[in-house]
$ cat target.txt   # compact mmCIF, C-alpha atoms and all ligand atoms
# COMPACT_ATOMS: atom_id res chain seq x y z
CA MET T 7 90.41 141.10 130.16
CA ALA T 8 88.31 141.75 133.28
CA ASP T 9 87.50 145.32 134.25
CA PRO T 10 90.24 147.05 136.23
CA VAL T 11 89.64 147.49 139.97
CA LEU T 12 91.10 150.98 139.72
CA LYS T 13 91.30 153.16 136.63
CA ILE T 14 92.60 156.70 136.68
CA ASP T 15 92.36 158.76 133.48
CA ALA T 16 94.16 162.07 132.89
CA LEU T 17 94.01 163.09 136.55
CA GLU T 18 94.98 166.65 137.51
CA VAL T 19 95.02 167.76 141.14
CA LEU T 20 96.12 171.06 142.61
CA PHE T 21 96.29 172.57 146.07
CA PRO T 22 95.26 176.23 146.19
CA GLY T 23 97.79 178.30 148.15
CA PHE T 24 98.70 181.89 149.02
CA ARG T 25 101.89 181.72 146.99
CA GLY T 26 100.09 180.14 144.04
CA ASN T 27 98.54 176.78 143.32
CA VAL T 28 100.62 173.65 143.86
CA HIS T 29 100.12 171.54 140.73
CA ALA T 30 100.67 168.18 142.38
CA VAL T 31 99.19 165.77 139.83
CA ASN T 32 99.58 166.75 136.20
CA GLY T 33 97.84 164.23 133.97
CA VAL T 34 98.18 160.76 135.44
CA ASP T 35 96.79 157.59 133.83
CA LEU T 36 96.97 154.48 135.95
CA GLU T 37 95.26 151.10 136.05
CA VAL T 38 95.20 148.19 138.48
CA GLN T 39 93.78 144.89 137.20
CA PRO T 40 92.15 142.23 139.40
CA SER T 41 94.75 140.34 141.48
CA GLU T 42 97.52 142.54 140.15
CA ILE T 43 100.24 144.01 142.37
CA VAL T 44 101.14 147.41 141.00
CA GLY T 45 104.00 149.56 142.28
CA LEU T 46 104.12 153.34 142.36
CA VAL T 47 107.64 154.66 142.73
CA GLY T 48 109.34 158.05 142.58
CA GLU T 49 111.16 160.60 144.69
CA SER T 50 109.54 162.38 147.58
CA GLY T 51 107.03 164.93 146.28
CA SER T 52 106.34 163.16 142.97
CA ALA T 53 102.66 162.87 144.05
CA LYS T 54 102.42 159.16 144.77
CA SER T 55 100.33 159.72 147.91
CA VAL T 56 98.19 162.51 146.46
CA THR T 57 97.34 160.31 143.45
CA ALA T 58 96.32 157.39 145.69
CA MET T 59 94.48 159.57 148.21
CA THR T 60 92.53 161.33 145.45
CA ALA T 61 91.54 157.96 144.00
CA LEU T 62 90.08 156.92 147.36
CA ARG T 63 88.73 160.44 148.03
CA LEU T 64 90.73 160.61 151.23
CA LEU T 65 92.05 164.16 150.93
CA PRO T 66 90.20 166.64 153.14
CA LYS T 67 87.32 168.26 151.26
CA GLY T 68 88.12 171.81 150.22
CA SER T 69 91.89 171.30 150.59
CA TYR T 70 92.38 170.39 146.95
CA ARG T 71 90.88 170.80 143.51
CA GLN T 72 90.55 168.07 140.92
CA ASP T 73 90.74 170.01 137.69
CA ALA T 74 90.52 167.12 135.30
CA GLY T 75 90.36 163.39 135.09
CA LYS T 76 88.13 160.47 135.85
CA ILE T 77 88.58 157.86 138.55
CA SER T 78 86.78 154.57 138.51
CA LEU T 79 86.99 152.33 141.57
CA LEU T 80 85.57 148.82 141.17
CA GLY T 81 83.65 150.06 138.16
CA ARG T 82 82.11 153.06 139.94
CA ASP T 83 82.76 156.70 139.14
CA VAL T 84 84.34 158.10 142.31
CA ALA T 85 83.14 161.65 141.55
CA LYS T 86 79.53 160.50 141.53
CA MET T 87 79.54 158.49 144.74
CA SER T 88 77.90 159.77 147.91
CA GLU T 89 80.00 160.15 151.06
CA ARG T 90 78.08 157.23 152.55
CA ASP T 91 78.80 154.91 149.61
CA MET T 92 82.42 155.99 149.59
CA ASN T 93 82.79 155.22 153.30
CA HIS T 94 81.20 151.87 152.76
CA LEU T 95 83.59 151.08 149.94
CA ARG T 96 86.63 152.11 151.98
CA GLY T 97 87.26 149.54 154.66
CA GLY T 98 85.09 147.13 152.69
CA ASP T 99 86.02 146.34 149.11
CA VAL T 100 88.85 148.87 149.25
CA ALA T 101 91.34 149.16 152.10
CA MET T 102 94.23 151.54 152.66
CA ILE T 103 97.33 151.28 154.78
CA CYS T 104 98.67 154.78 155.24
CA GLN T 105 102.12 156.26 155.25
CA GLU T 106 101.97 157.13 158.97
CA PRO T 107 101.04 153.86 160.66
CA GLN T 108 101.55 155.32 164.16
CA THR T 109 98.38 157.34 163.71
CA ALA T 110 96.27 154.56 162.23
CA LEU T 111 95.60 152.77 165.51
CA ASN T 112 93.72 154.45 168.33
CA PRO T 113 96.08 154.62 171.34
CA THR T 114 93.21 154.56 173.85
CA LYS T 115 91.56 151.33 172.70
CA SER T 116 92.78 147.74 172.85
CA ILE T 117 93.72 145.96 169.62
CA GLY T 118 90.78 143.60 170.14
CA LYS T 119 88.25 146.42 170.41
CA GLN T 120 89.57 148.06 167.26
CA MET T 121 89.68 144.85 165.24
CA LEU T 122 86.20 143.77 166.31
CA ARG T 123 84.81 147.16 165.36
CA VAL T 124 86.19 146.83 161.84
CA ILE T 125 85.05 143.22 161.48
CA GLU T 126 81.55 143.94 162.81
CA LEU T 127 81.19 147.04 160.67
CA HIS T 128 81.96 145.22 157.45
CA SER T 129 80.72 141.66 157.98
CA ASP T 130 77.89 139.70 159.57
CA LEU T 131 80.20 138.25 162.21
CA ARG T 132 79.43 139.16 165.81
CA GLY T 133 80.75 138.34 169.28
CA ARG T 134 82.73 135.10 169.42
CA ALA T 135 82.69 134.59 165.67
CA ALA T 136 84.13 138.08 165.16
CA LYS T 137 86.80 137.42 167.77
CA ALA T 138 87.69 134.12 166.11
CA ARG T 139 88.07 136.00 162.82
CA ALA T 140 90.34 138.59 164.47
CA ILE T 141 92.54 135.81 165.87
CA GLU T 142 92.66 134.12 162.48
CA LEU T 143 93.70 137.37 160.78
CA LEU T 144 96.49 137.92 163.31
CA GLN T 145 97.67 134.34 162.94
CA ASP T 146 97.82 134.83 159.17
CA MET T 147 100.19 137.70 159.94
CA ARG T 148 102.33 135.22 161.92
CA ILE T 149 101.31 136.63 165.30
CA ASN T 150 101.44 133.61 167.59
CA ASP T 151 99.82 134.66 170.84
CA ALA T 152 96.97 136.34 168.97
CA GLU T 153 94.38 136.02 171.73
CA GLU T 154 96.66 137.75 174.20
CA ILE T 155 97.60 140.46 171.68
CA LEU T 156 93.92 141.38 171.35
CA THR T 157 93.96 142.55 174.98
CA ARG T 158 96.94 144.86 174.46
CA TYR T 159 97.09 148.55 173.61
CA PRO T 160 99.04 149.83 170.58
CA PHE T 161 101.82 151.36 172.73
CA GLU T 162 102.52 147.91 174.22
CA LEU T 163 103.54 146.57 170.81
CA SER T 164 106.56 146.99 168.54
CA GLY T 165 106.28 148.95 165.28
CA GLY T 166 106.55 145.73 163.25
CA MET T 167 103.79 144.12 165.28
CA ARG T 168 101.52 147.18 164.89
CA GLN T 169 102.09 147.18 161.17
CA ARG T 170 101.24 143.48 160.90
CA ILE T 171 98.05 144.15 162.86
CA LEU T 172 97.13 146.97 160.46
CA ILE T 173 97.67 144.70 157.48
CA GLY T 174 95.59 142.00 159.18
CA MET T 175 92.85 144.57 159.76
CA ALA T 176 93.06 145.76 156.17
CA PHE T 177 92.29 142.21 155.06
CA ALA T 178 89.44 141.84 157.58
CA CYS T 179 86.83 142.69 154.97
CA ALA T 180 88.41 140.71 152.12
CA PRO T 181 89.21 143.85 150.08
CA LYS T 182 89.38 143.64 146.31
CA LEU T 183 91.91 146.47 146.33
CA LEU T 184 94.46 147.34 148.97
CA VAL T 185 96.36 150.61 148.70
CA ALA T 186 99.55 150.38 150.73
CA ASP T 187 101.38 153.71 150.99
CA GLU T 188 104.96 153.10 152.17
CA PRO T 189 103.59 150.58 154.63
CA THR T 190 106.92 149.67 156.16
CA THR T 191 109.07 152.81 156.00
CA ALA T 192 109.19 153.15 159.78
CA LEU T 193 110.46 149.61 160.29
CA ASP T 194 113.97 148.22 160.20
CA VAL T 195 115.07 146.43 157.06
CA THR T 196 114.62 142.81 158.17
CA VAL T 197 111.21 143.47 159.68
CA GLN T 198 110.22 145.39 156.52
CA ARG T 199 110.93 142.36 154.36
CA GLN T 200 109.00 140.02 156.67
CA VAL T 201 105.98 142.31 156.78
CA LEU T 202 105.99 142.77 153.00
CA GLN T 203 106.27 139.04 152.44
CA LEU T 204 103.21 138.54 154.63
CA LEU T 205 101.34 141.27 152.78
CA HIS T 206 102.26 139.72 149.45
CA ALA T 207 101.27 136.20 150.54
CA LYS T 208 97.94 137.41 151.89
CA ALA T 209 97.18 139.31 148.69
CA HIS T 210 97.93 136.19 146.62
CA GLN T 211 95.86 134.00 148.90
CA THR T 212 92.83 136.28 148.75
CA GLY T 213 93.20 137.46 145.15
CA ALA T 214 93.29 141.10 146.27
CA SER T 215 94.90 143.67 144.01
CA VAL T 216 97.50 145.91 145.61
CA LEU T 217 98.60 149.43 144.71
CA PHE T 218 101.91 149.50 146.46
CA ILE T 219 103.67 152.83 146.98
CA SER T 220 107.34 152.62 147.83
CA HIS T 221 110.73 154.28 147.64
CA ASP T 222 112.38 150.91 147.58
CA LEU T 223 113.21 149.76 144.06
CA ALA T 224 114.42 146.35 145.25
CA VAL T 225 111.15 145.70 147.05
CA ILE T 226 109.17 146.98 144.09
CA SER T 227 110.96 144.63 141.71
CA GLN T 228 110.48 141.70 144.07
CA PHE T 229 106.81 142.20 144.87
CA CYS T 230 105.18 143.99 141.94
CA ASP T 231 103.88 142.70 138.62
CA ARG T 232 103.81 146.12 137.01
CA ILE T 233 105.08 149.54 138.03
CA TYR T 234 104.52 153.24 137.39
CA VAL T 235 107.47 155.58 137.83
CA MET T 236 106.30 159.08 138.78
CA TYR T 237 108.07 162.40 138.54
CA ALA T 238 106.59 165.82 139.37
CA GLY T 239 103.03 164.56 139.24
CA ARG T 240 103.35 162.63 135.98
CA VAL T 241 103.98 159.04 135.03
CA VAL T 242 107.28 159.02 133.14
CA GLU T 243 107.59 155.27 132.65
CA THR T 244 105.42 152.20 133.13
CA GLY T 245 105.57 148.50 132.36
CA PRO T 246 106.28 145.09 133.85
CA ALA T 247 108.40 145.62 136.98
CA GLN T 248 111.34 143.45 135.91
CA GLU T 249 111.36 144.97 132.42
CA VAL T 250 111.25 148.61 133.58
CA LEU T 251 113.89 148.15 136.26
CA GLY T 252 116.06 145.82 134.16
CA ASN T 253 115.78 147.85 130.97
CA PRO T 254 114.79 151.42 131.95
CA GLN T 255 113.91 153.66 129.01
CA HIS T 256 113.44 157.00 130.78
CA PRO T 257 116.57 158.80 132.03
CA TYR T 258 114.79 159.41 135.35
CA THR T 259 114.19 155.69 135.97
CA ALA T 260 117.76 154.97 134.94
CA ALA T 261 119.01 157.67 137.34
CA LEU T 262 116.97 156.21 140.21
CA ILE T 263 118.51 152.81 139.60
CA GLU T 264 122.02 154.21 139.18
CA ALA T 265 121.70 156.29 142.34
CA LEU T 266 121.03 153.19 144.35
CA PRO T 267 124.26 152.11 146.05
CA GLU T 268 124.91 148.36 146.23
CA ASP T 269 124.45 148.34 149.98
CA ALA T 270 121.62 150.87 150.07
CA ASP T 271 119.26 150.85 152.98
CA PRO T 272 116.12 149.70 151.15
CA GLY T 273 113.95 152.21 152.95
CA ALA T 274 116.18 155.16 152.20
CA PRO T 275 114.56 158.06 150.33
CA LEU T 276 115.51 158.34 146.68
CA THR T 277 117.38 161.61 146.91
CA SER T 278 120.76 160.90 145.43
CA ILE T 279 120.07 162.12 141.89
CA PRO T 280 121.76 165.52 141.47
CA GLY T 281 119.36 168.45 141.59
CA THR T 282 115.95 168.72 143.17
CA VAL T 283 112.38 168.05 142.17
CA PRO T 284 110.79 171.06 140.42
CA ASN T 285 108.68 173.68 142.14
CA LEU T 286 105.13 172.55 141.50
CA VAL T 287 103.74 176.07 141.84
CA LYS T 288 105.32 176.72 138.44
CA PRO T 289 105.75 173.28 136.88
CA PRO T 290 108.17 173.16 133.94
CA ARG T 291 106.56 173.54 130.54
CA GLY T 292 108.03 170.50 128.87
CA CYS T 293 109.61 167.43 130.40
CA ALA T 294 109.80 168.09 134.14
CA PHE T 295 113.01 166.07 134.47
CA GLN T 296 114.81 168.10 131.80
CA PRO T 297 116.79 170.40 134.20
CA ARG T 298 118.36 167.33 135.81
CA CYS T 299 118.68 165.19 132.72
CA ARG T 300 122.08 164.64 131.17
CA HIS T 301 120.44 163.80 127.83
CA ALA T 302 118.31 166.97 127.74
CA HIS T 303 118.13 168.78 124.39
CA ALA T 304 116.12 171.52 122.72
CA ASP T 305 113.00 169.40 122.15
CA CYS T 306 112.57 168.74 125.86
CA VAL T 307 110.79 172.06 126.37
CA ILE T 308 107.85 170.34 124.68
CA ARG T 309 106.08 167.85 126.89
CA PRO T 310 106.71 164.24 125.85
CA HIS T 311 103.83 161.77 126.23
CA LEU T 312 103.97 158.11 127.16
CA THR T 313 104.87 156.15 124.08
CA PRO T 314 105.44 152.40 123.55
CA VAL T 315 109.07 151.35 123.98
CA GLY T 316 108.52 147.58 124.34
CA PRO T 317 105.83 145.01 125.11
CA ASP T 318 103.48 146.68 127.66
CA HIS T 319 106.32 149.12 128.31
CA GLN T 320 105.93 152.89 127.84
CA ALA T 321 108.15 155.89 128.53
CA ALA T 322 107.59 159.65 128.19
CA CYS T 323 110.87 160.87 126.73
CA TRP T 324 111.87 162.43 123.41
CA LEU T 325 114.86 160.09 123.28
CA ARG T 326 112.37 157.30 122.71
CA GLU T 327 110.07 159.15 120.34
CA GLU T 328 110.19 160.83 116.98
CA THR T 329 111.53 164.37 117.37
CA PRO T 330 108.56 166.78 117.49
CA GLN T 331 108.02 168.82 114.32
N1 LIG T 401 97.68 169.56 151.54
C1 LIG T 401 98.61 169.99 150.69
N2 LIG T 401 98.73 171.31 150.41
C2 LIG T 401 99.66 171.75 149.55
N3 LIG T 401 100.50 170.95 148.87
C3 LIG T 401 100.43 169.63 149.11
C4 LIG T 401 99.48 169.07 150.03
N4 LIG T 401 99.64 167.73 150.06
C5 LIG T 401 100.64 167.46 149.19
N5 LIG T 401 101.12 168.59 148.63
C6 LIG T 401 102.18 168.70 147.62
O1 LIG T 401 101.88 167.80 146.56
C7 LIG T 401 103.07 167.23 146.05
C8 LIG T 401 102.96 165.73 146.07
O2 LIG T 401 102.94 165.26 147.41
P1 LIG T 401 102.84 163.71 147.81
O3 LIG T 401 102.65 163.67 149.27
O4 LIG T 401 101.82 163.05 146.96
O5 LIG T 401 104.27 163.17 147.39
P2 LIG T 401 104.83 161.67 147.55
O6 LIG T 401 105.28 161.25 146.18
O7 LIG T 401 103.83 160.83 148.23
O8 LIG T 401 106.11 161.92 148.45
P3 LIG T 401 106.69 161.01 149.66
O9 LIG T 401 107.51 159.97 148.98
O10 LIG T 401 107.51 161.96 150.43
O11 LIG T 401 105.55 160.46 150.44
C9 LIG T 401 104.20 167.78 146.91
O12 LIG T 401 104.77 168.87 146.24
C10 LIG T 401 103.51 168.23 148.16
O13 LIG T 401 104.21 169.28 148.77
MG MG T 402 103.77 159.87 150.04

$ encode --input "target.txt" --output "structure tokens"
Amino acid sequence: MADPVLKIDALEVLFPGFRGNVHAVNGVDLEVQPSEIVGLVGESGSAKSVTAMTALRLLPKGSYRQDAGKISLLGRDVAKMSERDMNHLRGGDVAMICQEPQTALNPTKSIGKQMLRVIELHSDLRGRAAKARAIELLQDMRINDAEEILTRYPFELSGGMRQRILIGMAFACAPKLLVADEPTTALDVTVQRQVLQLLHAKAHQTGASVLFISHDLAVISQFCDRIYVMYAGRVVETGPAQEVLGNPQHPYTAALIEALPEDADPGAPLTSIPGTVPNLVKPPRGCAFQPRCRHAHADCVIRPHLTPVGPDHQAACWLREETPQ
């Protein structure tokens, strides 16, 4: 097998705070293979964004502490890269579409100016050739009057249009890895689907890998090859998307699926499991889901580790493992 484009080993991240440290990421292992579309799913606060942002070194310096773990991005150790190399990698071989798309485009500059800047920064194309590339990228995102759109300012465009432009821009430098953090949450359901289909098609066409963060289990199962289910800063279940969602082995995954009403708004936050996510200033000693788990028993005060439950399928639950001695 080829080397993974992203490999995270035993990552631990905390945010120092006056009321104690927030232990956001508590031992995450994650891998994205070339051309693979990997989903990261879990309730709000499970540390999906912090995990992805740490991997791309996008959290503000000094705001967090990485206490353990190793991150390798396209074969390079992220901890050992200079700021300059890291900047070059981001927006080049690695692109990110953030959770708050409104802030990703500069309101004072035309779309054309912003796209050309990105294209010129990361390729040899200049002037007319760069403009032609911008038009091509917008057309790939099914934007018809691309030339005209280049003259517009972000506020003159709909949310769906802005998001398609951001995805087009993300592909400007032919990234090997695209991290898409809830890229369509702000959009209505039909537009969400269209935008995701375009994203998916473009990733397939270019062979880019995608780490796709979403609340939407239906979207995850439709678009992802493999998924990681996160809870309280840990991966509780992972495997092929269809297998994990069709045959969940962790009570948390099962609860997420059960909590999804038939006619759920796909973008709706996953909040309908009884109880709340634990306080990460004092994370639970054993299984973090135990206080909300209807199968909880005495052993659950000991932390379960990911263990094979099927082909390429792992879950971290004592129900699926030998009882600890
Ligand atoms: N700068 C920060 N300072 C302190 N705590 C933080 C900071 N950023 C994130 N956290 C905490 O880290 C935990 C994980 O946050 P994160 O944003 O990764 O969750 P998420 O899974 O992406 O949630 P959502 O689905 O709402 O985007 C949360 O408890 C959050 O409050
Ligand atoms: Mg997030």

$ residues_near_ligand --input "target.txt" --ligand "ligand MG 402 (chain T)" --cutoff "9 Å" --atoms "all atoms listed in the file" --output "VMD selection string"
chain T and resid 50 to 56 58 104 to 105 187 to 188 219 to 220

$ atom_distance --input "target.txt" --atom1 "CA of His29 in chain T" --atom2 "CA of Leu251 in chain T"
27.5 Å

$ residues_around --input "target.txt" --residues "Gln145 in chain T" --least-positions-apart "2" --cutoff "12 Å" --atoms "all atoms listed in the file" --output "list in words"
Ala138, Arg139, Ala140, Ile141, Glu142, Leu143, Met147, Arg148, Ile149, Asn150, Asp151, Ala152, Glu153, Glu154, Ile155, Leu156, Met167, Arg170, Ile171, Ile173, Gly174, Met175, Leu204 and Lys208 of chain T

$ atom_distance --input "target.txt" --atom1 "CA of Leu172 in chain T" --atom2 "CA of Leu111 in chain T"
7.8 Å

$ residues_near_ligand --input "target.txt" --ligand "ligand LIG 401 (chain T)" --cutoff "10 Å" --atoms "all atoms listed in the file" --output "number ranges by chain"
T: 19-23, 27-31, 46-60, 65-66, 68-70, 105-106, 187-188, 219-221, 236-239, 275-276, 283-287

$ residues_around --input "target.txt" --residues "Pro317 in chain T" --least-positions-apart "2" --cutoff "9 Å" --atoms "all atoms listed in the file" --output "number ranges by chain"
T: 245-246, 314-315, 319-320

$ residues_near_point --input "target.txt" --point "(94.1, 143.5, 136.7)" --cutoff "9 Å" --atoms "all atoms listed in the file" --output "VMD selection string"
chain T and resid 7 to 12 37 to 43 215

$ write_last_selection --input "target.txt" --atoms "C-alpha atoms" --output "PDB file, in the coordinates of the input"
ATOM      1  CA  MET T   7      90.410 141.100 130.160  1.00  0.00           C
ATOM      2  CA  ALA T   8      88.310 141.750 133.280  1.00  0.00           C
ATOM      3  CA  ASP T   9      87.500 145.320 134.250  1.00  0.00           C
ATOM      4  CA  PRO T  10      90.240 147.050 136.230  1.00  0.00           C
ATOM      5  CA  VAL T  11      89.640 147.490 139.970  1.00  0.00           C
ATOM      6  CA  LEU T  12      91.100 150.980 139.720  1.00  0.00           C
ATOM      7  CA  GLU T  37      95.260 151.100 136.050  1.00  0.00           C
ATOM      8  CA  VAL T  38      95.200 148.190 138.480  1.00  0.00           C
ATOM      9  CA  GLN T  39      93.780 144.890 137.200  1.00  0.00           C
ATOM     10  CA  PRO T  40      92.150 142.230 139.400  1.00  0.00           C
ATOM     11  CA  SER T  41      94.750 140.340 141.480  1.00  0.00           C
ATOM     12  CA  GLU T  42      97.520 142.540 140.150  1.00  0.00           C
ATOM     13  CA  ILE T  43     100.240 144.010 142.370  1.00  0.00           C
ATOM     14  CA  SER T 215      94.900 143.670 144.010  1.00  0.00           C
TER      15      SER T 215
END

$ closest_residue --input "target.txt" --among "T:Lys119, T:Leu217, T:Lys86, T:Ile103" --to "Pro189 in chain T" --atoms "all atoms listed in the file"
T:Ile103

$ atom_distance --input "target.txt" --atom1 "CA of Arg168 in chain T" --atom2 "CA of Val216 in chain T"
19.7 Å

$ closest_residue --input "target.txt" --among "T:Ala176, T:Thr114, T:Ala136, T:Leu144" --to "Glu162 in chain T" --atoms "only C-alpha atoms"
T:Thr114

$ closest_residue --input "target.txt" --among "T:Asp15, T:Asp194, T:Asp130, T:Asp99" --to "Gly166 in chain T" --atoms "only C-alpha atoms"
T:Asp194
